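Here's the structure we're looking at; comments come further down.
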Amino acid sequence: MENPTVFLIEDDPSVRNLVESLLTSAGLPVESFGNPATFLRCHDVERPGCAVVDICLPGMTGLELQTTLADPQNGRPHIFLSGHADVAMAVQALSCGALGFLEKPFRAHELLQLVQLALERDRQQREARRKRRDISRRIESLTPREREVLERVVQGDQNKTIAALLNISQRTVEIHRSRVMEKLEAESVAGLVQLFMIHDGTYNPQC
C-alpha cells in the first residue's frame, strides 16, 4: 500500500518551506502547492493522505477548496492554517469537516498531532469505503428473490411472515435465507443486519 502523503497548499513560500521541513523531519512524505488550482490538477483521490491548507489562497479560498476536500466519497481529511484569528471562519471550517484550525505562528507539535490524527482518519475512512464496496459487491451477487428475502430479514420478519408476503413456501424462504447468509459471509442475523446497514450507509458503530 502506498505511504500516506501530506498535501500542503500554501501560497507563502516561507511558510510553505517551514511546514514542509517540519513534516519531512517527522518522516512524513510531503507534496507542496502554491495555489489550489495546481493542487486540484494533480489531485488523485486514490492516494492516501491528508491536506494542510492555508485559509487565504489566490484564486480560491481555503473554504472554497474545502468543498472538494470534505466530499464524503472522494475527499480527504484536512487542516487549516490562518494568519488571522477569525472565530467565524474557524467555526465554519470546523463545522464543514476540517480536523483543525491553527493560527500562524503555530506550535510545531500541535500541527504534527493534527496531521497524525488526519492520517489516521484517512486510513479509517479508506478502510470503511473498501468495506462498503466489498459488501455492495456481495449484495449485488444476490438474485432478486434473495434480495427480497434479505430486505425482509433485516426488517425483523420471521420466515413464516416472509413466506406469506412473498407468496412462497417457508422452506423456500429458509433456502434463500441460507444462501444469503453464505453469499454475504454473515454468521448471524445480527451480522447480516450490520452488513446491510453498512451497505445502506446507516450503520453507526458508536450507537
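A note on labels: chains of the C-alpha cells are A, B, ... as shown, every chain counts residues from 1, and ligands are counted from 1 in their shown order.
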
Near-segment 97-99 of chain A list (12 Å; only C-alpha atoms; drop same-chain fewer than 4 positions) as a PyMOL selection string: chain A and resi 50-53+55+62-63+65-72+75-81+89-93+110-111+113-122

Residue contacts of segment 141-154 of chain A (6 Å, only C-alpha atoms) excluding same-chain residues fewer than 2 positions away, as a PyMOL selection string: chain A and resi 138-139+156-157+176+193

Dump C-alpha atoms for the selected residues as a CSV table (one decimal), in the first residue's frame?
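Final file, out-v7.csv:
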chain,number,residue,atom,x,y,z
A,138,ARG,CA,-21.6,-9.3,-2.4
A,139,ILE,CA,-25.1,-7.9,-2.2
A,156,GLY,CA,-37.2,-8.3,11.5
A,157,ASP,CA,-39.7,-10.5,9.7
A,176,HIS,CA,-33.0,-18.3,0.2
A,193,VAL,CA,-28.3,-6.6,9.6

Picked from segment 124-168 of chain A by DSSP as alpha helix (DSSP H), as an MDAnalysis selection string: chainID A and resid 124:140 144:154 159:166

Residues as selected, C-alpha atoms, written as a PDB file, in the first residue's frame, can you do that?
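File result39.pdb, as written:
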ATOM      1  CA  GLN A 124     -10.114   4.609   8.701  1.00  0.00           C
ATOM      2  CA  GLN A 125     -12.226   6.274   6.007  1.00  0.00           C
ATOM      3  CA  ARG A 126     -10.477   4.365   3.223  1.00  0.00           C
ATOM      4  CA  GLU A 127     -10.926   1.089   5.070  1.00  0.00           C
ATOM      5  CA  ALA A 128     -14.621   1.880   5.585  1.00  0.00           C
ATOM      6  CA  ARG A 129     -15.061   2.695   1.868  1.00  0.00           C
ATOM      7  CA  ARG A 130     -13.248  -0.505   0.915  1.00  0.00           C
ATOM      8  CA  LYS A 131     -15.511  -2.484   3.230  1.00  0.00           C
ATOM      9  CA  ARG A 132     -18.649  -0.860   1.778  1.00  0.00           C
ATOM     10  CA  ARG A 133     -17.514  -1.666  -1.765  1.00  0.00           C
ATOM     11  CA  ASP A 134     -16.878  -5.287  -0.791  1.00  0.00           C
ATOM     12  CA  ILE A 135     -20.283  -5.605   0.884  1.00  0.00           C
ATOM     13  CA  SER A 136     -22.002  -3.951  -2.097  1.00  0.00           C
ATOM     14  CA  ARG A 137     -20.292  -6.414  -4.433  1.00  0.00           C
ATOM     15  CA  ARG A 138     -21.593  -9.329  -2.361  1.00  0.00           C
ATOM     16  CA  ILE A 139     -25.111  -7.895  -2.185  1.00  0.00           C
ATOM     17  CA  GLU A 140     -25.111  -7.374  -5.954  1.00  0.00           C
ATOM     18  CA  PRO A 144     -33.756 -10.717  -6.997  1.00  0.00           C
ATOM     19  CA  ARG A 145     -35.584 -13.181  -4.747  1.00  0.00           C
ATOM     20  CA  GLU A 146     -32.632 -13.448  -2.356  1.00  0.00           C
ATOM     21  CA  ARG A 147     -32.540  -9.663  -2.166  1.00  0.00           C
ATOM     22  CA  GLU A 148     -36.247  -9.603  -1.297  1.00  0.00           C
ATOM     23  CA  VAL A 149     -35.686 -12.136   1.478  1.00  0.00           C
ATOM     24  CA  LEU A 150     -32.690 -10.150   2.754  1.00  0.00           C
ATOM     25  CA  GLU A 151     -34.740  -6.963   2.966  1.00  0.00           C
ATOM     26  CA  ARG A 152     -37.488  -8.721   4.903  1.00  0.00           C
ATOM     27  CA  VAL A 153     -34.994 -10.379   7.285  1.00  0.00           C
ATOM     28  CA  VAL A 154     -33.292  -7.083   8.158  1.00  0.00           C
ATOM     29  CA  ASN A 159     -39.660 -16.925   7.910  1.00  0.00           C
ATOM     30  CA  LYS A 160     -43.398 -17.598   8.126  1.00  0.00           C
ATOM     31  CA  THR A 161     -44.201 -13.914   7.592  1.00  0.00           C
ATOM     32  CA  ILE A 162     -41.742 -13.622   4.708  1.00  0.00           C
ATOM     33  CA  ALA A 163     -43.266 -16.684   3.050  1.00  0.00           C
ATOM     34  CA  ALA A 164     -46.733 -15.155   3.227  1.00  0.00           C
ATOM     35  CA  LEU A 165     -45.572 -11.752   1.980  1.00  0.00           C
ATOM     36  CA  LEU A 166     -43.663 -13.206  -0.971  1.00  0.00           C
TER      37      LEU A 166
END

Point-to-point distance in Å for atom CA of Asp12 of chain A and atom CA of Asp86 of chain A: 19.0 Å

Env of Thr5 of chain A: 10 Å cut, atoms = only C-alpha atoms, seq-sep filter 2 positions within chain, self excluded. Answer as a PDB file with C-alpha atoms, in the first residue's frame.
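The file below, selection-v7.pdb, is the result:
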ATOM      1  CA  GLU A   2       1.248   3.484  -0.872  1.00  0.00           C
ATOM      2  CA  ASN A   3       2.561   5.524   2.053  1.00  0.00           C
ATOM      3  CA  PHE A   7      -0.574  17.642   0.637  1.00  0.00           C
ATOM      4  CA  LEU A   8       0.400  21.185   1.581  1.00  0.00           C
ATOM      5  CA  LEU A  28       6.179  12.291   6.515  1.00  0.00           C
ATOM      6  CA  PRO A  29       6.147  12.499   2.699  1.00  0.00           C
ATOM      7  CA  VAL A  30       5.042  15.977   1.605  1.00  0.00           C
ATOM      8  CA  GLU A  31       3.907  17.452  -1.698  1.00  0.00           C
ATOM      9  CA  ARG A  47      -3.755   8.373  -2.996  1.00  0.00           C
ATOM     10  CA  PRO A  48      -3.877   8.129   0.806  1.00  0.00           C
ATOM     11  CA  GLY A  49      -3.063  11.151   2.928  1.00  0.00           C
ATOM     12  CA  CYS A  50      -4.341  14.432   4.293  1.00  0.00           C
ATOM     13  CA  ALA A  51      -4.173  18.105   3.351  1.00  0.00           C
ATOM     14  CA  LEU A 119      -3.694  10.494   8.513  1.00  0.00           C
TER      15      LEU A 119
END

Shortest interatomic distance to Thr61 of chain A - which of A:Ala88, A:Ile9, A:Ala108, A:Cys42, counting only C-alpha atoms: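 Comparing A:Ala88, A:Ile9, A:Ala108, A:Cys42 against Thr61 of chain A, the winner is A:Ile9.
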
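Each of A:Val19, A:Ser169, A:Pro4, A:His84 was checked against Arg123 of chain A using only C-alpha atoms; the smallest atom-to-atom distance is that of A:Pro4.
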
Could you please write out, as a short mmCIF file (atom, residue, chain, number, x, y, z; two decimals) with C-alpha atoms, in the first residue's frame, every residue of segment 14-206 of chain A that DSSP assigns to strand (DSSP E or B)?
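What landed in result39.cif:
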data_model
loop_
_atom_site.label_atom_id
_atom_site.label_comp_id
_atom_site.auth_asym_id
_atom_site.auth_seq_id
_atom_site.Cartn_x
_atom_site.Cartn_y
_atom_site.Cartn_z
CA VAL A 30 5.04 15.98 1.61
CA GLU A 31 3.91 17.45 -1.70
CA SER A 32 3.62 21.25 -1.78
CA PHE A 33 1.46 23.51 -3.93
CA GLY A 49 -3.06 11.15 2.93
CA CYS A 50 -4.34 14.43 4.29
CA ALA A 51 -4.17 18.10 3.35
CA VAL A 52 -2.80 21.12 5.19
CA VAL A 53 -4.36 24.22 3.69
CA ASP A 54 -3.86 27.95 4.11
CA HIS A 78 -7.74 18.43 6.11
CA ILE A 79 -6.32 21.04 8.48
CA PHE A 80 -6.45 24.80 8.01
CA LEU A 81 -3.73 27.36 8.69
CA SER A 82 -4.62 31.02 9.09
CA GLY A 100 -8.21 21.59 12.93
CA PHE A 101 -7.73 25.33 12.50
CA LEU A 102 -4.32 26.65 13.54
CA GLU A 103 -3.39 30.32 13.70
#
